[in-house]
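S.K.: Take a look at the following structure, please.
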Amino acid sequence: MSRLLAVRLDSDGDVLLTGPAVRALGTFADHVDLLVSPTGAQAARLLPGVDQVHVFDAPWSGFAPPPVDTVAVDALVNALRAARYDRAVVFTSFHQSPLPTALLLRLAGIGWIAATSEDYPGSLLDVRHHRPAGLHEVEAALDLARAAGGALAPDDDGALAVRHPLPDVSALLPVRPYVVLHPGASVPSRAPAPQHAARLVGALTAAGRHVVVTGGPGERDLAATVAAGAADPAEVTELSGRTDLAQLAAVLSGADAVVVGNTGPAHLAAAVGTRVVSLFAPVVPADRWAPWGVPTVLLGDQDAPCAGSRARQCPVPGHPCLDVDPDAVVRAVDALAGAPLPLTALTELTRLTGMSRLTGPTEEVHA
């Protein structure tokens, strides 16, 4: 039995973008495991085609990398050696080096390693892949997987995907169709300002939408501020800190559309097939990082002074690139999801069908 280790030491969104490439590797390996960072572990456990997940907090990767820990490094090397992998493929973003990871994989006894590397790899790589220009991150990962010998199955369309079934989250959600607004981001420069996100909630609720505001456990104050912008408090549901990633995927899967910055939940929405209004800060290029494989309206000034800077904090006063007209967001949601069904019609539809919650594709719940 051939055993392969795929590596992506980044956050949940990056791991989700690597999902199609991981599936491609599974067409020639009997067993595919994934090595990820703590911030990517939840997504790794949601990916189809992954047998086992290893977690390592790498000192050369992440928003706040830890100091070098020889005990943790030794434990990782020993665990990988015990797993007896035949091959490894190291996935990175265009600005990252795979070579520190490749060195540890060599120490773990893995005899064949592929990665994309601009730097001279010495004896660390067996396949030194060069990324073609102009590729989205999903395409770049798939290009590396093909260079390593993988290929998508004939019935695999290369879309992002998660394992099913997803958890039942109906108790958390309204009985009418809803739009999700996720105001936070792991990189602050990629999120709208809180007060602006609150104005978006106000505009969406004034236009007849019910808005579900989502966020992590550390974003409860942010979510409360944003939810307070609702034109009608009854038309907003605030879920920050109440879902893990699988439950958030379920929430997103039932939405008519998701309004979100360039952050993990945008890719999670794409992975469950939900349309995205992308509030995209151009600190990284949209052609590499926009939501993949779903209808998307991309908003935000892509020519702002911060473009291409990869800044973690917005370098321009007022964060103007994401000061998007709330009416433009409403129009984008309407374009993706159709006009909202009036509450009176929803009440009658619920009474006639006996449904406690309206979900599914837009055309099932809109006249």
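Ordering of the structure tokens sets the chain letters (A, B, ...); residue numbers start at 1 within each chain; ligands are numbered from 1 in the order shown.
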Skip range 77-91 of chain A itself and residues of its chain fewer than 3 positions away, then list as a list in words all residues within 7 Å of it, counting only C-alpha atoms.
M.R.: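 Final neighbour list, sorted by chain and number: Ser2, Arg3, Leu4, Leu5, Ala6, Val7, Arg8, Val73, Asp74, Pro98, Leu104, Leu107, Ala108, Gly109, Ile110, Gly111, Trp112, Ile113, Ala114, Ala115 and Ala141 of chain A.
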S.K.: Excluding range 13-27 of chain A and its own-chain neighbours fewer than 4 positions away, which residues fall within 6 Å of it when counting only C-alpha atoms? Please give them as a list in words.
M.R.: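 Residues meeting the cut-off are Gly49, Val138, Ala141, Leu142, Ala145, Gly150, Ala151, Leu152, Gly158, Gly264 and His267 of chain A.
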S.K.: So that I can check the surroundings of Ala257 in chain A, please list as a PyMOL selection string every protein, DNA and RNA residue that reaches within 9 Å of it, counting only C-alpha atoms and ignoring chain neighbours fewer than 5 positions away.
M.R.: chain A and resi 178-181+252+269+274-277+333+336-337
S.K.: Please produce a file of those selected residues containing N, CA and C atoms, as an mmCIF file, in the first residue's frame.
M.R.:
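Everything below was put into part.cif:
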```cif
data_model
loop_
_atom_site.group_PDB
_atom_site.id
_atom_site.type_symbol
_atom_site.label_atom_id
_atom_site.label_comp_id
_atom_site.auth_asym_id
_atom_site.auth_seq_id
_atom_site.Cartn_x
_atom_site.Cartn_y
_atom_site.Cartn_z
ATOM 1 N N TYR A 178 -32.049 33.529 4.620
ATOM 2 C CA TYR A 178 -31.127 34.471 5.253
ATOM 3 C C TYR A 178 -29.875 34.658 4.407
ATOM 4 N N VAL A 179 -29.207 35.754 4.686
ATOM 5 C CA VAL A 179 -27.891 36.068 4.134
ATOM 6 C C VAL A 179 -26.915 36.074 5.299
ATOM 7 N N VAL A 180 -25.750 35.505 5.100
ATOM 8 C CA VAL A 180 -24.709 35.544 6.129
ATOM 9 C C VAL A 180 -23.792 36.729 5.871
ATOM 10 N N LEU A 181 -23.476 37.454 6.924
ATOM 11 C CA LEU A 181 -22.417 38.454 6.874
ATOM 12 C C LEU A 181 -21.359 38.066 7.899
ATOM 13 N N LEU A 252 -23.425 28.304 6.458
ATOM 14 C CA LEU A 252 -23.170 28.909 5.149
ATOM 15 C C LEU A 252 -23.908 28.172 4.037
ATOM 16 N N ALA A 269 -17.565 28.991 2.237
ATOM 17 C CA ALA A 269 -18.818 29.173 1.508
ATOM 18 C C ALA A 269 -18.723 28.545 0.126
ATOM 19 N N THR A 274 -22.141 27.884 -1.857
ATOM 20 C CA THR A 274 -22.933 29.089 -1.631
ATOM 21 C C THR A 274 -22.307 30.286 -2.334
ATOM 22 N N ARG A 275 -23.127 31.116 -2.923
ATOM 23 C CA ARG A 275 -22.668 32.291 -3.667
ATOM 24 C C ARG A 275 -22.091 33.337 -2.718
ATOM 25 N N VAL A 276 -21.108 34.083 -3.210
ATOM 26 C CA VAL A 276 -20.328 34.966 -2.344
ATOM 27 C C VAL A 276 -20.306 36.391 -2.886
ATOM 28 N N VAL A 277 -20.611 37.343 -2.010
ATOM 29 C CA VAL A 277 -20.283 38.752 -2.249
ATOM 30 C C VAL A 277 -18.956 38.981 -1.535
ATOM 31 N N VAL A 333 -26.086 41.168 -3.573
ATOM 32 C CA VAL A 333 -26.836 40.051 -2.987
ATOM 33 C C VAL A 333 -28.059 39.744 -3.839
ATOM 34 N N LEU A 336 -27.158 37.821 -6.944
ATOM 35 C CA LEU A 336 -26.796 36.427 -6.706
ATOM 36 C C LEU A 336 -27.970 35.590 -6.224
ATOM 37 N N ALA A 337 -28.819 36.196 -5.396
ATOM 38 C CA ALA A 337 -29.847 35.414 -4.698
ATOM 39 C C ALA A 337 -31.260 35.706 -5.159
#
```
S.K.: Check the smallest atom-to-atom distance from each of A:Thr70, A:Ser93, A:Asn262, A:Thr296 to Glu139 in chain A using only C-alpha atoms, then report the winner.
M.R.: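 Closest residue, counting only C-alpha atoms: A:Ser93.
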S.K.: Write out as a PyMOL selection string the residues lying within 12 Å of Ala185 in chain A, counting only C-alpha atoms and excluding same-chain residues fewer than 5 positions away.
M.R.: chain A and resi 11-13+63+190-194+214-216+218-219+222-223+260-266+279-281+312-313
S.K.: Rank A:Asp155, A:Ala198, A:Val297, A:Pro188 by their smallest atom-to-atom distance to Ala332 in chain A, using only C-alpha atoms, and report the top residue only.
M.R.: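 Nearest candidate to Ala332 in chain A out of A:Asp155, A:Ala198, A:Val297, A:Pro188: A:Val297.
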S.K.: Please identify all polymer residues within 9 Å of Cys321 in chain A, counting only C-alpha atoms, omitting same-chain residues fewer than 4 positions from it, and present them as a PDB file with C-alpha atoms, in the first residue's frame.
M.R.:
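Result written to result-v2.pdb:
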```pdb
ATOM      1  CA  PRO A 192     -14.266  45.830   6.569  1.00  0.00           C
ATOM      2  CA  PHE A 280     -11.900  41.913  -1.344  1.00  0.00           C
ATOM      3  CA  ALA A 281      -9.031  44.035  -0.005  1.00  0.00           C
ATOM      4  CA  PRO A 282      -6.332  44.113  -2.703  1.00  0.00           C
ATOM      5  CA  GLY A 300     -13.650  46.744  -3.190  1.00  0.00           C
ATOM      6  CA  ASP A 301     -11.170  49.093  -4.836  1.00  0.00           C
ATOM      7  CA  GLN A 302      -8.638  46.765  -6.452  1.00  0.00           C
ATOM      8  CA  ASP A 303      -6.452  49.734  -7.432  1.00  0.00           C
ATOM      9  CA  ALA A 304      -6.133  51.153  -3.910  1.00  0.00           C
ATOM     10  CA  PRO A 305      -2.662  52.209  -2.694  1.00  0.00           C
ATOM     11  CA  CYS A 306      -2.419  49.058  -0.573  1.00  0.00           C
ATOM     12  CA  VAL A 316      -4.056  53.628   4.344  1.00  0.00           C
TER      13      VAL A 316
END
```
S.K.: Would you compute the distance between CA of Ala58 in chain A and CA of Thr116 in chain A? Give it in Å to one decimal.
M.R.: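 Going from CA of Ala58 in chain A over to CA of Thr116 in chain A, I get 18.2 Å.
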S.K.: Quick one: DSSP helix (DSSP H, G or I) residues in range 110-351 of chain A, as a PDB file with C-alpha atoms, in the first residue's frame?
M.R.:
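out_23.pdb written:
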```pdb
ATOM      1  CA  GLU A 137      -4.132  29.197  -5.634  1.00  0.00           C
ATOM      2  CA  VAL A 138      -6.401  26.226  -6.402  1.00  0.00           C
ATOM      3  CA  GLU A 139      -4.942  25.895  -9.897  1.00  0.00           C
ATOM      4  CA  ALA A 140      -1.379  26.271  -8.609  1.00  0.00           C
ATOM      5  CA  ALA A 141      -1.883  23.480  -6.076  1.00  0.00           C
ATOM      6  CA  LEU A 142      -3.399  21.260  -8.757  1.00  0.00           C
ATOM      7  CA  ASP A 143      -0.448  22.011 -11.049  1.00  0.00           C
ATOM      8  CA  LEU A 144       1.936  20.788  -8.347  1.00  0.00           C
ATOM      9  CA  ALA A 145      -0.216  17.695  -7.752  1.00  0.00           C
ATOM     10  CA  ARG A 146      -0.015  16.869 -11.453  1.00  0.00           C
ATOM     11  CA  ALA A 147       3.768  17.355 -11.420  1.00  0.00           C
ATOM     12  CA  SER A 170     -31.394  24.351  12.366  1.00  0.00           C
ATOM     13  CA  ALA A 171     -31.854  25.329  16.015  1.00  0.00           C
ATOM     14  CA  LEU A 172     -29.462  28.251  15.507  1.00  0.00           C
ATOM     15  CA  PRO A 188      -7.201  42.607   9.888  1.00  0.00           C
ATOM     16  CA  SER A 189      -6.507  44.416   6.607  1.00  0.00           C
ATOM     17  CA  ARG A 190      -8.851  42.015   4.788  1.00  0.00           C
ATOM     18  CA  PRO A 194     -16.746  47.294  12.124  1.00  0.00           C
ATOM     19  CA  GLN A 195     -18.934  50.364  11.732  1.00  0.00           C
ATOM     20  CA  HIS A 196     -19.027  49.904   7.994  1.00  0.00           C
ATOM     21  CA  ALA A 197     -20.022  46.250   8.403  1.00  0.00           C
ATOM     22  CA  ALA A 198     -22.816  47.482  10.706  1.00  0.00           C
ATOM     23  CA  ARG A 199     -24.038  49.771   7.903  1.00  0.00           C
ATOM     24  CA  LEU A 200     -24.091  46.767   5.575  1.00  0.00           C
ATOM     25  CA  VAL A 201     -26.336  44.908   8.028  1.00  0.00           C
ATOM     26  CA  GLY A 202     -28.563  47.986   8.185  1.00  0.00           C
ATOM     27  CA  ALA A 203     -28.871  48.175   4.409  1.00  0.00           C
ATOM     28  CA  LEU A 204     -29.520  44.445   3.989  1.00  0.00           C
ATOM     29  CA  THR A 205     -32.201  44.316   6.687  1.00  0.00           C
ATOM     30  CA  ALA A 206     -33.820  47.493   5.339  1.00  0.00           C
ATOM     31  CA  PRO A 217     -15.083  33.061  19.813  1.00  0.00           C
ATOM     32  CA  GLY A 218     -12.753  36.070  19.801  1.00  0.00           C
ATOM     33  CA  GLU A 219     -15.084  38.119  17.606  1.00  0.00           C
ATOM     34  CA  ARG A 220     -18.132  38.408  19.865  1.00  0.00           C
ATOM     35  CA  ASP A 221     -17.710  42.137  20.484  1.00  0.00           C
ATOM     36  CA  LEU A 222     -17.215  42.713  16.760  1.00  0.00           C
ATOM     37  CA  ALA A 223     -20.298  40.678  15.879  1.00  0.00           C
ATOM     38  CA  ALA A 224     -22.405  42.500  18.486  1.00  0.00           C
ATOM     39  CA  THR A 225     -21.333  45.863  17.057  1.00  0.00           C
ATOM     40  CA  VAL A 226     -22.128  44.743  13.532  1.00  0.00           C
ATOM     41  CA  ALA A 227     -25.477  43.148  14.421  1.00  0.00           C
ATOM     42  CA  PRO A 233     -33.380  43.894  15.484  1.00  0.00           C
ATOM     43  CA  ALA A 234     -35.743  40.999  14.743  1.00  0.00           C
ATOM     44  CA  GLU A 235     -34.115  40.600  11.321  1.00  0.00           C
ATOM     45  CA  LEU A 245     -15.940  25.110  11.434  1.00  0.00           C
ATOM     46  CA  ALA A 246     -18.206  22.204  10.469  1.00  0.00           C
ATOM     47  CA  GLN A 247     -21.227  23.958  11.994  1.00  0.00           C
ATOM     48  CA  LEU A 248     -20.252  27.194  10.256  1.00  0.00           C
ATOM     49  CA  ALA A 249     -20.121  25.255   6.983  1.00  0.00           C
ATOM     50  CA  ALA A 250     -23.680  24.110   7.640  1.00  0.00           C
ATOM     51  CA  VAL A 251     -24.800  27.674   8.363  1.00  0.00           C
ATOM     52  CA  LEU A 252     -23.170  28.909   5.149  1.00  0.00           C
ATOM     53  CA  SER A 253     -24.656  26.072   3.114  1.00  0.00           C
ATOM     54  CA  GLY A 264     -11.376  31.515   5.379  1.00  0.00           C
ATOM     55  CA  PRO A 265     -15.198  31.625   5.508  1.00  0.00           C
ATOM     56  CA  ALA A 266     -15.228  32.915   1.909  1.00  0.00           C
ATOM     57  CA  HIS A 267     -13.560  29.677   0.835  1.00  0.00           C
ATOM     58  CA  LEU A 268     -15.748  27.647   3.173  1.00  0.00           C
ATOM     59  CA  ALA A 269     -18.818  29.173   1.508  1.00  0.00           C
ATOM     60  CA  ALA A 270     -17.415  28.157  -1.877  1.00  0.00           C
ATOM     61  CA  ALA A 271     -16.763  24.650  -0.547  1.00  0.00           C
ATOM     62  CA  ALA A 286      -7.916  38.669  -6.372  1.00  0.00           C
ATOM     63  CA  ASP A 287      -6.909  36.529  -9.328  1.00  0.00           C
ATOM     64  CA  ARG A 288      -5.088  34.270  -6.863  1.00  0.00           C
ATOM     65  CA  TRP A 289      -7.361  34.382  -3.848  1.00  0.00           C
ATOM     66  CA  PRO A 320     -10.853  53.063   1.896  1.00  0.00           C
ATOM     67  CA  CYS A 321     -10.521  49.974  -0.297  1.00  0.00           C
ATOM     68  CA  LEU A 322     -13.370  48.293   1.621  1.00  0.00           C
ATOM     69  CA  PRO A 326     -23.976  49.498   1.189  1.00  0.00           C
ATOM     70  CA  ASP A 327     -26.430  49.805  -1.693  1.00  0.00           C
ATOM     71  CA  ALA A 328     -23.863  48.100  -3.939  1.00  0.00           C
ATOM     72  CA  VAL A 329     -23.738  45.190  -1.487  1.00  0.00           C
ATOM     73  CA  VAL A 330     -27.543  44.955  -1.492  1.00  0.00           C
ATOM     74  CA  ARG A 331     -27.563  44.949  -5.301  1.00  0.00           C
ATOM     75  CA  ALA A 332     -24.848  42.271  -5.353  1.00  0.00           C
ATOM     76  CA  VAL A 333     -26.836  40.051  -2.987  1.00  0.00           C
ATOM     77  CA  ASP A 334     -29.941  40.588  -5.121  1.00  0.00           C
ATOM     78  CA  ALA A 335     -27.991  39.681  -8.255  1.00  0.00           C
ATOM     79  CA  LEU A 336     -26.796  36.427  -6.706  1.00  0.00           C
ATOM     80  CA  ALA A 337     -29.847  35.414  -4.698  1.00  0.00           C
ATOM     81  CA  LEU A 343     -42.193  37.944   5.202  1.00  0.00           C
ATOM     82  CA  THR A 344     -45.970  37.541   4.723  1.00  0.00           C
ATOM     83  CA  ALA A 345     -45.371  35.198   1.797  1.00  0.00           C
ATOM     84  CA  LEU A 346     -42.780  33.271   3.794  1.00  0.00           C
ATOM     85  CA  THR A 347     -45.203  32.850   6.679  1.00  0.00           C
ATOM     86  CA  GLU A 348     -47.859  31.473   4.326  1.00  0.00           C
ATOM     87  CA  LEU A 349     -45.335  29.174   2.598  1.00  0.00           C
ATOM     88  CA  THR A 350     -44.210  27.825   5.971  1.00  0.00           C
ATOM     89  CA  ARG A 351     -47.825  27.197   6.992  1.00  0.00           C
TER      90      ARG A 351
END
```
S.K.: Rank A:Leu34, A:Ala339, A:Leu299, A:Leu125 by their smallest atom-to-atom distance to His54 in chain A, using only C-alpha atoms, and report the top residue only.
M.R.: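 Smallest distance to His54 in chain A is found for A:Leu34.
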